[in-house]
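What's in upload.pdb: PDB, C-alpha atoms
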ATOM      1  CA  MET A   1       0.000   0.000   0.000  1.00  0.00           C
ATOM      2  CA  THR A   2       1.117   3.521  -0.788  1.00  0.00           C
ATOM      3  CA  ILE A   3       0.003   6.504   1.288  1.00  0.00           C
ATOM      4  CA  ILE A   4      -0.185   9.846  -0.514  1.00  0.00           C
ATOM      5  CA  LYS A   5      -0.652  12.740   1.870  1.00  0.00           C
ATOM      6  CA  ARG A   6      -1.570  16.330   1.099  1.00  0.00           C
ATOM      7  CA  GLN A   7      -2.322  19.027   3.611  1.00  0.00           C
ATOM      8  CA  ASP A   8      -4.098  22.288   2.672  1.00  0.00           C
ATOM      9  CA  GLY A   9      -4.029  24.311   5.870  1.00  0.00           C
ATOM     10  CA  THR A  10      -5.934  22.179   8.360  1.00  0.00           C
ATOM     11  CA  ASN A  11      -7.590  20.047   5.667  1.00  0.00           C
ATOM     12  CA  LEU A  12      -5.759  16.742   5.476  1.00  0.00           C
ATOM     13  CA  LYS A  13      -6.202  14.560   2.411  1.00  0.00           C
ATOM     14  CA  ILE A  14      -4.876  11.051   2.284  1.00  0.00           C
ATOM     15  CA  ALA A  15      -5.074   8.833  -0.790  1.00  0.00           C
ATOM     16  CA  LEU A  16      -4.402   5.105  -0.469  1.00  0.00           C
ATOM     17  CA  GLU A  17      -3.172   2.831  -3.245  1.00  0.00           C
ATOM     18  CA  GLY A  18      -3.182  -0.948  -2.935  1.00  0.00           C
ATOM     19  CA  ARG A  19      -4.569  -3.019  -0.084  1.00  0.00           C
ATOM     20  CA  LEU A  20      -5.544  -1.877   3.401  1.00  0.00           C
ATOM     21  CA  ASP A  21      -5.095  -5.137   5.296  1.00  0.00           C
ATOM     22  CA  THR A  22      -3.433  -6.784   8.300  1.00  0.00           C
ATOM     23  CA  MET A  23       0.034  -5.980   6.970  1.00  0.00           C
ATOM     24  CA  THR A  24      -0.564  -2.373   5.908  1.00  0.00           C
ATOM     25  CA  ALA A  25      -3.156  -1.057   8.392  1.00  0.00           C
ATOM     26  CA  PRO A  26      -0.441  -0.284  11.006  1.00  0.00           C
ATOM     27  CA  GLU A  27       1.281   1.989   8.428  1.00  0.00           C
ATOM     28  CA  LEU A  28      -1.896   4.039   8.005  1.00  0.00           C
ATOM     29  CA  GLU A  29      -2.439   4.103  11.757  1.00  0.00           C
ATOM     30  CA  LYS A  30       1.076   5.447  12.271  1.00  0.00           C
ATOM     31  CA  GLU A  31       0.597   8.115   9.592  1.00  0.00           C
ATOM     32  CA  LEU A  32      -2.728   9.225  11.101  1.00  0.00           C
ATOM     33  CA  ASN A  33      -1.320   9.307  14.630  1.00  0.00           C
ATOM     34  CA  ALA A  34       1.393  11.640  13.382  1.00  0.00           C
ATOM     35  CA  SER A  35      -0.932  13.858  11.313  1.00  0.00           C
ATOM     36  CA  LEU A  36      -4.357  14.205  12.925  1.00  0.00           C
ATOM     37  CA  ASP A  37      -3.305  16.698  15.608  1.00  0.00           C
ATOM     38  CA  ASN A  38      -2.761  19.288  12.889  1.00  0.00           C
ATOM     39  CA  ALA A  39      -5.947  18.536  10.943  1.00  0.00           C
ATOM     40  CA  ASP A  40      -9.517  19.792  11.352  1.00  0.00           C
ATOM     41  CA  THR A  41     -10.904  17.731   8.504  1.00  0.00           C
ATOM     42  CA  LEU A  42      -9.785  14.454   6.988  1.00  0.00           C
ATOM     43  CA  THR A  43     -10.610  13.185   3.505  1.00  0.00           C
ATOM     44  CA  LEU A  44      -9.608   9.631   2.633  1.00  0.00           C
ATOM     45  CA  ASN A  45      -9.497   8.991  -1.097  1.00  0.00           C
ATOM     46  CA  PHE A  46      -9.984   5.291  -1.871  1.00  0.00           C
ATOM     47  CA  ALA A  47     -10.016   5.601  -5.693  1.00  0.00           C
ATOM     48  CA  ASP A  48      -6.952   3.344  -5.981  1.00  0.00           C
ATOM     49  CA  LEU A  49      -7.660   1.115  -2.996  1.00  0.00           C
ATOM     50  CA  ALA A  50      -8.280  -2.471  -4.107  1.00  0.00           C
ATOM     51  CA  TYR A  51      -9.787  -3.743  -0.856  1.00  0.00           C
ATOM     52  CA  ILE A  52     -10.042  -3.324   2.887  1.00  0.00           C
ATOM     53  CA  SER A  53     -10.146  -5.964   5.636  1.00  0.00           C
ATOM     54  CA  SER A  54     -11.164  -5.656   9.292  1.00  0.00           C
ATOM     55  CA  ALA A  55      -7.664  -4.482  10.275  1.00  0.00           C
ATOM     56  CA  GLY A  56      -8.271  -1.427   8.078  1.00  0.00           C
ATOM     57  CA  LEU A  57     -11.746  -0.912   9.534  1.00  0.00           C
ATOM     58  CA  ARG A  58     -10.236  -0.701  13.010  1.00  0.00           C
ATOM     59  CA  VAL A  59      -7.958   2.154  11.909  1.00  0.00           C
ATOM     60  CA  LEU A  60     -10.828   3.962  10.155  1.00  0.00           C
ATOM     61  CA  LEU A  61     -13.002   3.691  13.261  1.00  0.00           C
ATOM     62  CA  SER A  62     -10.399   5.248  15.539  1.00  0.00           C
ATOM     63  CA  ALA A  63      -9.720   8.055  13.032  1.00  0.00           C
ATOM     64  CA  HIS A  64     -13.475   8.644  12.751  1.00  0.00           C
ATOM     65  CA  LYS A  65     -13.735   8.954  16.535  1.00  0.00           C
ATOM     66  CA  VAL A  66     -10.905  11.516  16.673  1.00  0.00           C
ATOM     67  CA  MET A  67     -12.223  13.561  13.732  1.00  0.00           C
ATOM     68  CA  SER A  68     -15.873  13.535  14.852  1.00  0.00           C
ATOM     69  CA  LYS A  69     -14.778  15.831  17.704  1.00  0.00           C
ATOM     70  CA  LYS A  70     -13.332  18.201  15.086  1.00  0.00           C
ATOM     71  CA  GLY A  71     -14.378  19.010  11.522  1.00  0.00           C
ATOM     72  CA  GLY A  72     -15.121  15.426  10.538  1.00  0.00           C
ATOM     73  CA  MET A  73     -13.839  12.692   8.276  1.00  0.00           C
ATOM     74  CA  LYS A  74     -15.121  11.527   4.925  1.00  0.00           C
ATOM     75  CA  VAL A  75     -14.241   8.668   2.636  1.00  0.00           C
ATOM     76  CA  VAL A  76     -14.484   9.287  -1.104  1.00  0.00           C
ATOM     77  CA  ASN A  77     -14.290   7.220  -4.323  1.00  0.00           C
ATOM     78  CA  VAL A  78     -15.065   3.880  -2.707  1.00  0.00           C
ATOM     79  CA  ASN A  79     -15.093   0.882  -5.080  1.00  0.00           C
ATOM     80  CA  GLU A  80     -17.664  -1.923  -5.077  1.00  0.00           C
ATOM     81  CA  ILE A  81     -15.568  -4.297  -2.949  1.00  0.00           C
ATOM     82  CA  VAL A  82     -14.831  -1.713  -0.270  1.00  0.00           C
ATOM     83  CA  LYS A  83     -18.477  -0.569  -0.301  1.00  0.00           C
ATOM     84  CA  GLU A  84     -19.619  -4.139   0.304  1.00  0.00           C
ATOM     85  CA  VAL A  85     -17.298  -4.405   3.323  1.00  0.00           C
ATOM     86  CA  PHE A  86     -18.714  -1.117   4.691  1.00  0.00           C
ATOM     87  CA  ASP A  87     -22.295  -2.304   4.102  1.00  0.00           C
ATOM     88  CA  VAL A  88     -21.868  -5.779   5.621  1.00  0.00           C
ATOM     89  CA  THR A  89     -20.122  -4.488   8.754  1.00  0.00           C
ATOM     90  CA  GLY A  90     -22.449  -1.524   9.310  1.00  0.00           C
ATOM     91  CA  PHE A  91     -19.608   0.943   8.716  1.00  0.00           C
ATOM     92  CA  ALA A  92     -21.719   2.478   5.940  1.00  0.00           C
ATOM     93  CA  ASP A  93     -23.979   3.854   8.714  1.00  0.00           C
ATOM     94  CA  ILE A  94     -21.086   5.239  10.764  1.00  0.00           C
ATOM     95  CA  LEU A  95     -18.773   6.760   8.181  1.00  0.00           C
ATOM     96  CA  THR A  96     -19.481   9.650   5.833  1.00  0.00           C
ATOM     97  CA  ILE A  97     -19.031   8.106   2.392  1.00  0.00           C
ATOM     98  CA  GLU A  98     -19.234  10.218  -0.758  1.00  0.00           C
TER      99      GLU A  98
ATOM    100  CA  MET B   1      -5.183 -29.792  -5.128  1.00  0.00           C
ATOM    101  CA  LYS B   2      -2.319 -27.379  -4.573  1.00  0.00           C
ATOM    102  CA  GLU B   3      -0.919 -26.172  -1.299  1.00  0.00           C
ATOM    103  CA  ILE B   4       1.543 -23.785   0.277  1.00  0.00           C
ATOM    104  CA  THR B   5       3.047 -23.877   3.766  1.00  0.00           C
ATOM    105  CA  VAL B   6       4.389 -20.719   5.358  1.00  0.00           C
ATOM    106  CA  HIS B   7       5.582 -19.566   8.719  1.00  0.00           C
ATOM    107  CA  ALA B   8       2.379 -18.046  10.086  1.00  0.00           C
ATOM    108  CA  THR B   9       3.351 -14.387  10.228  1.00  0.00           C
ATOM    109  CA  VAL B  10       1.629 -11.207   9.102  1.00  0.00           C
ATOM    110  CA  GLU B  11       4.477 -10.646   6.630  1.00  0.00           C
ATOM    111  CA  ASN B  12       3.719 -13.970   4.893  1.00  0.00           C
ATOM    112  CA  ILE B  13       0.016 -13.298   4.251  1.00  0.00           C
ATOM    113  CA  SER B  14       0.874 -11.697   0.902  1.00  0.00           C
ATOM    114  CA  LYS B  15       2.708 -14.895  -0.192  1.00  0.00           C
ATOM    115  CA  VAL B  16      -0.456 -16.908   0.364  1.00  0.00           C
ATOM    116  CA  THR B  17      -2.599 -14.269  -1.358  1.00  0.00           C
ATOM    117  CA  ALA B  18      -0.276 -14.378  -4.381  1.00  0.00           C
ATOM    118  CA  PHE B  19      -0.458 -18.206  -4.428  1.00  0.00           C
ATOM    119  CA  VAL B  20      -4.271 -18.210  -4.366  1.00  0.00           C
ATOM    120  CA  ASP B  21      -4.553 -15.327  -6.867  1.00  0.00           C
ATOM    121  CA  GLU B  22      -2.344 -17.261  -9.292  1.00  0.00           C
ATOM    122  CA  GLN B  23      -4.760 -20.213  -9.154  1.00  0.00           C
ATOM    123  CA  LEU B  24      -7.805 -17.948  -9.486  1.00  0.00           C
ATOM    124  CA  GLU B  25      -6.392 -16.175 -12.523  1.00  0.00           C
ATOM    125  CA  LYS B  26      -5.995 -19.528 -14.316  1.00  0.00           C
ATOM    126  CA  LEU B  27      -9.705 -20.105 -13.692  1.00  0.00           C
ATOM    127  CA  ALA B  28     -10.744 -16.686 -15.022  1.00  0.00           C
ATOM    128  CA  CYS B  29     -12.267 -15.934 -11.633  1.00  0.00           C
ATOM    129  CA  PRO B  30     -14.317 -12.694 -11.582  1.00  0.00           C
ATOM    130  CA  MET B  31     -12.386  -9.846  -9.937  1.00  0.00           C
ATOM    131  CA  LYS B  32     -15.023  -9.318  -7.238  1.00  0.00           C
ATOM    132  CA  ALA B  33     -14.854 -12.933  -6.046  1.00  0.00           C
ATOM    133  CA  GLN B  34     -11.039 -12.798  -6.120  1.00  0.00           C
ATOM    134  CA  MET B  35     -11.000  -9.671  -3.924  1.00  0.00           C
ATOM    135  CA  GLN B  36     -13.491 -11.269  -1.508  1.00  0.00           C
ATOM    136  CA  LEU B  37     -11.263 -14.345  -1.273  1.00  0.00           C
ATOM    137  CA  ASP B  38      -8.200 -12.132  -0.738  1.00  0.00           C
ATOM    138  CA  VAL B  39      -9.972 -10.337   2.130  1.00  0.00           C
ATOM    139  CA  ALA B  40     -10.971 -13.705   3.635  1.00  0.00           C
ATOM    140  CA  ILE B  41      -7.343 -14.903   3.454  1.00  0.00           C
ATOM    141  CA  ASP B  42      -6.205 -11.738   5.213  1.00  0.00           C
ATOM    142  CA  GLU B  43      -8.749 -12.237   8.000  1.00  0.00           C
ATOM    143  CA  LEU B  44      -8.124 -15.954   8.549  1.00  0.00           C
ATOM    144  CA  LEU B  45      -4.351 -15.983   8.193  1.00  0.00           C
ATOM    145  CA  GLY B  46      -4.155 -12.789  10.242  1.00  0.00           C
ATOM    146  CA  ASN B  47      -5.955 -14.602  13.058  1.00  0.00           C
ATOM    147  CA  ILE B  48      -3.597 -17.586  12.808  1.00  0.00           C
ATOM    148  CA  ALA B  49      -0.543 -15.278  12.775  1.00  0.00           C
ATOM    149  CA  HIS B  50      -1.754 -13.352  15.830  1.00  0.00           C
ATOM    150  CA  TYR B  51      -3.343 -16.030  17.997  1.00  0.00           C
ATOM    151  CA  ALA B  52      -2.796 -19.663  16.987  1.00  0.00           C
ATOM    152  CA  TYR B  53       0.708 -20.056  18.403  1.00  0.00           C
ATOM    153  CA  ALA B  54       0.936 -17.053  20.734  1.00  0.00           C
ATOM    154  CA  PRO B  55       3.293 -16.278  22.342  1.00  0.00           C
ATOM    155  CA  GLY B  56       5.320 -18.575  20.071  1.00  0.00           C
ATOM    156  CA  THR B  57       5.168 -19.121  16.311  1.00  0.00           C
ATOM    157  CA  GLY B  58       4.371 -21.960  13.949  1.00  0.00           C
ATOM    158  CA  ASP B  59       3.348 -22.900  10.418  1.00  0.00           C
ATOM    159  CA  ALA B  60       0.145 -22.572   8.444  1.00  0.00           C
ATOM    160  CA  THR B  61      -0.746 -24.620   5.388  1.00  0.00           C
ATOM    161  CA  VAL B  62      -3.207 -23.330   2.816  1.00  0.00           C
ATOM    162  CA  ARG B  63      -4.779 -25.737   0.312  1.00  0.00           C
ATOM    163  CA  PHE B  64      -6.510 -24.717  -2.884  1.00  0.00           C
ATOM    164  CA  ASP B  65      -9.146 -26.886  -4.545  1.00  0.00           C
ATOM    165  CA  PHE B  66     -11.498 -26.293  -7.437  1.00  0.00           C
ATOM    166  CA  ASP B  67     -14.646 -28.220  -8.284  1.00  0.00           C
ATOM    167  CA  GLU B  68     -14.849 -27.691 -12.000  1.00  0.00           C
ATOM    168  CA  ALA B  69     -18.401 -28.912 -12.460  1.00  0.00           C
ATOM    169  CA  ALA B  70     -19.841 -26.672  -9.771  1.00  0.00           C
ATOM    170  CA  ARG B  71     -17.195 -23.923 -10.244  1.00  0.00           C
ATOM    171  CA  VAL B  72     -16.595 -23.832  -6.503  1.00  0.00           C
ATOM    172  CA  VAL B  73     -13.261 -22.712  -5.081  1.00  0.00           C
ATOM    173  CA  SER B  74     -12.259 -24.179  -1.710  1.00  0.00           C
ATOM    174  CA  VAL B  75      -9.445 -22.722   0.358  1.00  0.00           C
ATOM    175  CA  THR B  76      -8.492 -24.663   3.481  1.00  0.00           C
ATOM    176  CA  PHE B  77      -6.367 -23.260   6.308  1.00  0.00           C
ATOM    177  CA  LEU B  78      -4.561 -25.701   8.601  1.00  0.00           C
ATOM    178  CA  ASP B  79      -2.579 -24.841  11.706  1.00  0.00           C
ATOM    179  CA  SER B  80      -1.346 -26.849  14.696  1.00  0.00           C
ATOM    180  CA  GLY B  81      -1.962 -24.081  17.207  1.00  0.00           C
ATOM    181  CA  VAL B  82      -4.401 -23.873  20.082  1.00  0.00           C
ATOM    182  CA  PRO B  83      -7.813 -25.358  19.143  1.00  0.00           C
ATOM    183  CA  PHE B  84     -10.068 -22.482  18.141  1.00  0.00           C
ATOM    184  CA  ASP B  85     -13.418 -22.555  16.367  1.00  0.00           C
ATOM    185  CA  PRO B  86     -14.041 -19.027  15.076  1.00  0.00           C
ATOM    186  CA  LEU B  87     -17.592 -19.959  14.025  1.00  0.00           C
ATOM    187  CA  VAL B  88     -18.951 -20.386  17.562  1.00  0.00           C
ATOM    188  CA  ARG B  89     -18.376 -16.725  18.321  1.00  0.00           C
ATOM    189  CA  GLU B  90     -21.528 -14.617  18.424  1.00  0.00           C
ATOM    190  CA  ASP B  91     -21.864 -12.222  15.486  1.00  0.00           C
ATOM    191  CA  PRO B  92     -20.945  -8.618  16.314  1.00  0.00           C
ATOM    192  CA  ASN B  93     -23.658  -5.963  16.511  1.00  0.00           C
ATOM    193  CA  VAL B  94     -23.187  -4.250  13.161  1.00  0.00           C
ATOM    194  CA  HIS B  95     -25.794  -1.633  14.044  1.00  0.00           C
ATOM    195  CA  ALA B  96     -23.899  -0.236  17.028  1.00  0.00           C
ATOM    196  CA  SER B  97     -22.912   3.441  16.958  1.00  0.00           C
ATOM    197  CA  ALA B  98     -19.280   4.478  16.511  1.00  0.00           C
ATOM    198  CA  ALA B  99     -18.960   5.197  20.243  1.00  0.00           C
ATOM    199  CA  GLU B 100     -20.225   1.740  21.281  1.00  0.00           C
ATOM    200  CA  ARG B 101     -18.308  -0.128  18.669  1.00  0.00           C
ATOM    201  CA  GLY B 102     -15.384  -2.434  18.968  1.00  0.00           C
ATOM    202  CA  VAL B 103     -14.094  -4.290  15.960  1.00  0.00           C
ATOM    203  CA  GLY B 104     -13.768  -7.681  17.644  1.00  0.00           C
ATOM    204  CA  GLY B 105     -15.298 -10.451  15.558  1.00  0.00           C
ATOM    205  CA  LEU B 106     -15.800  -8.280  12.464  1.00  0.00           C
ATOM    206  CA  GLY B 107     -13.244 -10.183  10.403  1.00  0.00           C
ATOM    207  CA  ILE B 108     -14.793 -13.626  10.739  1.00  0.00           C
ATOM    208  CA  TYR B 109     -18.258 -12.061  10.320  1.00  0.00           C
ATOM    209  CA  LEU B 110     -17.111 -10.550   7.034  1.00  0.00           C
ATOM    210  CA  VAL B 111     -15.805 -13.949   5.902  1.00  0.00           C
ATOM    211  CA  LYS B 112     -19.128 -15.617   6.756  1.00  0.00           C
ATOM    212  CA  LYS B 113     -21.052 -12.961   4.826  1.00  0.00           C
ATOM    213  CA  THR B 114     -18.927 -12.925   1.672  1.00  0.00           C
ATOM    214  CA  MET B 115     -18.199 -16.657   1.294  1.00  0.00           C
ATOM    215  CA  ASP B 116     -20.797 -19.226   0.261  1.00  0.00           C
ATOM    216  CA  ARG B 117     -19.743 -21.673   2.924  1.00  0.00           C
ATOM    217  CA  VAL B 118     -17.388 -21.765   5.937  1.00  0.00           C
ATOM    218  CA  ASP B 119     -16.609 -24.979   7.846  1.00  0.00           C
ATOM    219  CA  TYR B 120     -14.417 -25.629  10.854  1.00  0.00           C
ATOM    220  CA  ARG B 121     -13.177 -28.882  12.297  1.00  0.00           C
ATOM    221  CA  TYR B 122     -10.389 -29.969  14.610  1.00  0.00           C
ATOM    222  CA  ALA B 123      -8.630 -33.172  13.621  1.00  0.00           C
ATOM    223  CA  ASP B 124      -5.191 -34.759  14.138  1.00  0.00           C
ATOM    224  CA  GLY B 125      -4.121 -31.844  16.316  1.00  0.00           C
ATOM    225  CA  LYS B 126      -4.992 -29.287  13.654  1.00  0.00           C
ATOM    226  CA  ASN B 127      -7.464 -26.466  13.218  1.00  0.00           C
ATOM    227  CA  ILE B 128      -8.964 -26.988   9.756  1.00  0.00           C
ATOM    228  CA  LEU B 129     -11.019 -24.134   8.383  1.00  0.00           C
ATOM    229  CA  THR B 130     -12.425 -24.282   4.859  1.00  0.00           C
ATOM    230  CA  ILE B 131     -14.008 -21.444   2.929  1.00  0.00           C
ATOM    231  CA  GLN B 132     -15.904 -22.011  -0.308  1.00  0.00           C
ATOM    232  CA  LYS B 133     -16.829 -19.557  -2.990  1.00  0.00           C
ATOM    233  CA  CYS B 134     -18.819 -20.197  -6.125  1.00  0.00           C
ATOM    234  CA  ILE B 135     -17.192 -18.441  -9.047  1.00  0.00           C
TER     235      ILE B 135
END

Could you quickly redo this structure as structure tokens?
Amino acid sequence: MTIIKRQDGTNLKIALEGRLDTMTAPELEKELNASLDNADTLTLNFADLAYISSAGLRVLLSAHKVMSKKGGMKVVNVNEIVKEVFDVTGFADILTIE
Amino acid sequence: MKEITVHATVENISKVTAFVDEQLEKLACPMKAQMQLDVAIDELLGNIAHYAYAPGTGDATVRFDFDEAARVVSVTFLDSGVPFDPLVREDPNVHASAAERGVGGLGIYLVKKTMDRVDYRYADGKNILTIQKCI
């Protein structure tokens, strides 16, 4: 997985390429832990994300909890596979998905 | 039947995924089913890597079978770790709010929902978990 980070003021945008799984979820968690203090909003771009497993969901949930106390988090450009994972696990009701 | 045996570590999950993907590509498996199988491998092998041999380590064997007539893929995970039936666990509440939510049990729940069949048995000192997907 590749993490592409862009910060416009306090708007943090992170694009993920590849697979958000057991191996790679800790990399995203580390990046978010280092970056979220300086962000009011977070946009996660999943256009090039192939799939997500529960290890990735765990990281998204903790980021969502942090950002819901600030300007919020949204996930954009979700593919069919990732959408199914969000739907099945109820994350579609928790996350803001555009 | 084809199989691969790896040291059950998080780092080796991608080796097993590549092995299974190679078989699936020969069968012209639809991309969606392949991704669902890849997610299932991540969940099941991740569990073995984290829990089966803790605090030690051990091997996992993954077998690939294909029923040509029915077009059903079977992937079987074998480990010699502590006996553990992931299917007896109660399903997580997927309607809980973010605040109330843990993520425990979500992985195996996801596997149950995206595969056509999941079976567990313990035999000859091994956990044997088989997932099946109609392609």

Gap from CA of Glu17 (chain A) to CA of Ala47 (chain A) - Å, one decimal
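Distance reported for this atom pair: 7.8 Å.
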
Name the closest residue to Tyr122 (chain B) among the candidates B:Gly107, B:Gly46, B:Gly56, B:Gly81; distances are taken between atoms, counting only C-alpha atoms.
B:Gly81

Calculate how many Å separate CA of Lys133 (chain B) from CA of Asp116 (chain B), rounding to one decimal.
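Between CA of Lys133 (chain B) and CA of Asp116 (chain B) the gap is 5.1 Å.
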
Axis-aligned box for all listed atoms of region 1-9 of chain A, 6 Å per side, centre and edges in Å to one decimal, as lines of an AutoDock Vina configuration file:
center_x = -1.5
center_y = 12.2
center_z = 2.5
size_x = 17.2
size_y = 36.3
size_z = 18.7

Against region 49-68 of chain A, which residues of region 7-125 of chain B fall within 10 Å? For each one I want the closest pair of atoms and the distance in Å (one decimal), counting only C-alpha atoms, rows by chain and increasing residue number, as CSV.
residue,atom,partner,partner_atom,distance
B:Lys32,CA,A:Tyr51,CA,10.0
B:Met35,CA,A:Tyr51,CA,6.8
B:Gln36,CA,A:Tyr51,CA,8.4
B:Asp38,CA,A:Tyr51,CA,8.5
B:Val39,CA,A:Ser53,CA,5.6
B:Ala40,CA,A:Ser53,CA,8.0
B:Ile41,CA,A:Ser53,CA,9.6
B:Asp42,CA,A:Ser53,CA,7.0
B:Glu43,CA,A:Ser53,CA,6.8
B:Gly46,CA,A:Ala55,CA,9.0
B:Ala98,CA,A:Leu61,CA,7.1
B:Ala99,CA,A:Lys65,CA,7.4
B:Arg101,CA,A:Leu61,CA,8.5
B:Gly102,CA,A:Arg58,CA,8.1
B:Val103,CA,A:Arg58,CA,6.0
B:Gly104,CA,A:Ser54,CA,9.0
B:Gly105,CA,A:Ser54,CA,8.9
B:Leu106,CA,A:Ser54,CA,6.2
B:Gly107,CA,A:Ser54,CA,5.1
B:Ile108,CA,A:Ser54,CA,8.9
B:Tyr109,CA,A:Ser54,CA,9.6
B:Leu110,CA,A:Ser54,CA,8.0
B:Val111,CA,A:Ser53,CA,9.8

Near Val88 (chain A), within 9 Å and counting only C-alpha atoms, which residues show up once chain neighbours fewer than 4 positions away are dropped, as a list in words?
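With the cut-off at 9 Å, the set is Lys83, Glu84 and Ala92 of chain A; Val94, Tyr109, Leu110, Lys113 and Thr114 of chain B.
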
Selected by the PyMOL selection byres ((chain A and resi 76) around 9) in the shown coordinates: which residues, as a list in words?
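This file gives the following for the PyMOL selection byres ((chain A and resi 76) around 9): Thr43, Leu44, Asn45, Phe46, Ala47, Lys74, Val75, Asn77, Val78, Thr96, Ile97 and Glu98 of chain A.
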
Considering all atoms listed in the file, state which residue in the set A:Asp21, A:Asp48, A:Glu31, A:Asp37 is at the smallest distance from chain B.
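Counting all atoms listed in the file, the residue closest to chain B is A:Asp21.
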
Step by step, work through what the PyMOL selection byres ((chain B and resi 65) around 6) selects in the shown file, and finish by giving those residues as a ChimeraX atom specification.
/B:1,64,66,73-74

Can you work out which one of B:Val20, B:Ala96, B:Val6, B:Met115 has the shortest atom-to-atom distance to chain A, counting all atoms listed in the file?
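Once distances to chain A are computed over all atoms listed in the file, the minimum belongs to B:Ala96.
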
Starting from the shown file, work through the PyMOL selection byres ((chain B and resi 135) around 9) and note down what comes out as a PyMOL selection string.
chain B and resi 27-30+33-34+70-73+133-134

Hey, can you check how far CA of His50 (chain B) sits from CA of Val10 (chain B)?
7.8 Å

Quick one: everything within 9 Å of Thr2 (chain A), counting all atoms listed in the file, minus sequence neighbours fewer than 4 positions away in the same chain. Send it as a PyMOL selection string.
chain A and resi 15-19

Let me make sure I understand: among B:Leu78, B:Thr5, B:Asp85, B:Asn93, which one has the smallest atom-to-atom distance to chain A if we use all atoms listed in the file?
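With all atoms listed in the file as the atom set, the closest residue is B:Asn93.
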
Thr10 (chain A) environment, 9 Å, all atoms listed in the file, sequence neighbours closer than 2 positions dropped, as a PyMOL selection string:
chain A and resi 7-8+12+38-42

Output C-alpha atoms for every residue in that selection, as a PDB file, in the coordinates of the input.
ATOM      1  CA  GLN A   7      -2.322  19.027   3.611  1.00  0.00           C
ATOM      2  CA  ASP A   8      -4.098  22.288   2.672  1.00  0.00           C
ATOM      3  CA  LEU A  12      -5.759  16.742   5.476  1.00  0.00           C
ATOM      4  CA  ASN A  38      -2.761  19.288  12.889  1.00  0.00           C
ATOM      5  CA  ALA A  39      -5.947  18.536  10.943  1.00  0.00           C
ATOM      6  CA  ASP A  40      -9.517  19.792  11.352  1.00  0.00           C
ATOM      7  CA  THR A  41     -10.904  17.731   8.504  1.00  0.00           C
ATOM      8  CA  LEU A  42      -9.785  14.454   6.988  1.00  0.00           C
TER       9      LEU A  42
END

Counting only C-alpha atoms, the option among A:Ile14, A:Met23, A:Ile4, A:Met73 closest to chain B
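Using only C-alpha atoms, the shortest distance to chain B belongs to A:Met23.
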
What's the 7 Å shell around His7 (chain B), counting only C-alpha atoms, without same-chain residues fewer than 6 positions away, as number ranges by chain?
B: 58-60

Find the residues around Tyr120 (chain B) up to 7 Å (only C-alpha atoms counted), leave out those fewer than 3 positions away in its own chain, and share them as number ranges by chain.
B: 85, 128-130

Check the smallest atom-to-atom distance from each of A:Asn79, A:Met1, A:Asp87, A:Lys70 to Thr22 (chain A) using all atoms listed in the file, then report the winner.
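The shortest atom-to-atom distance to Thr22 (chain A) comes from A:Met1.
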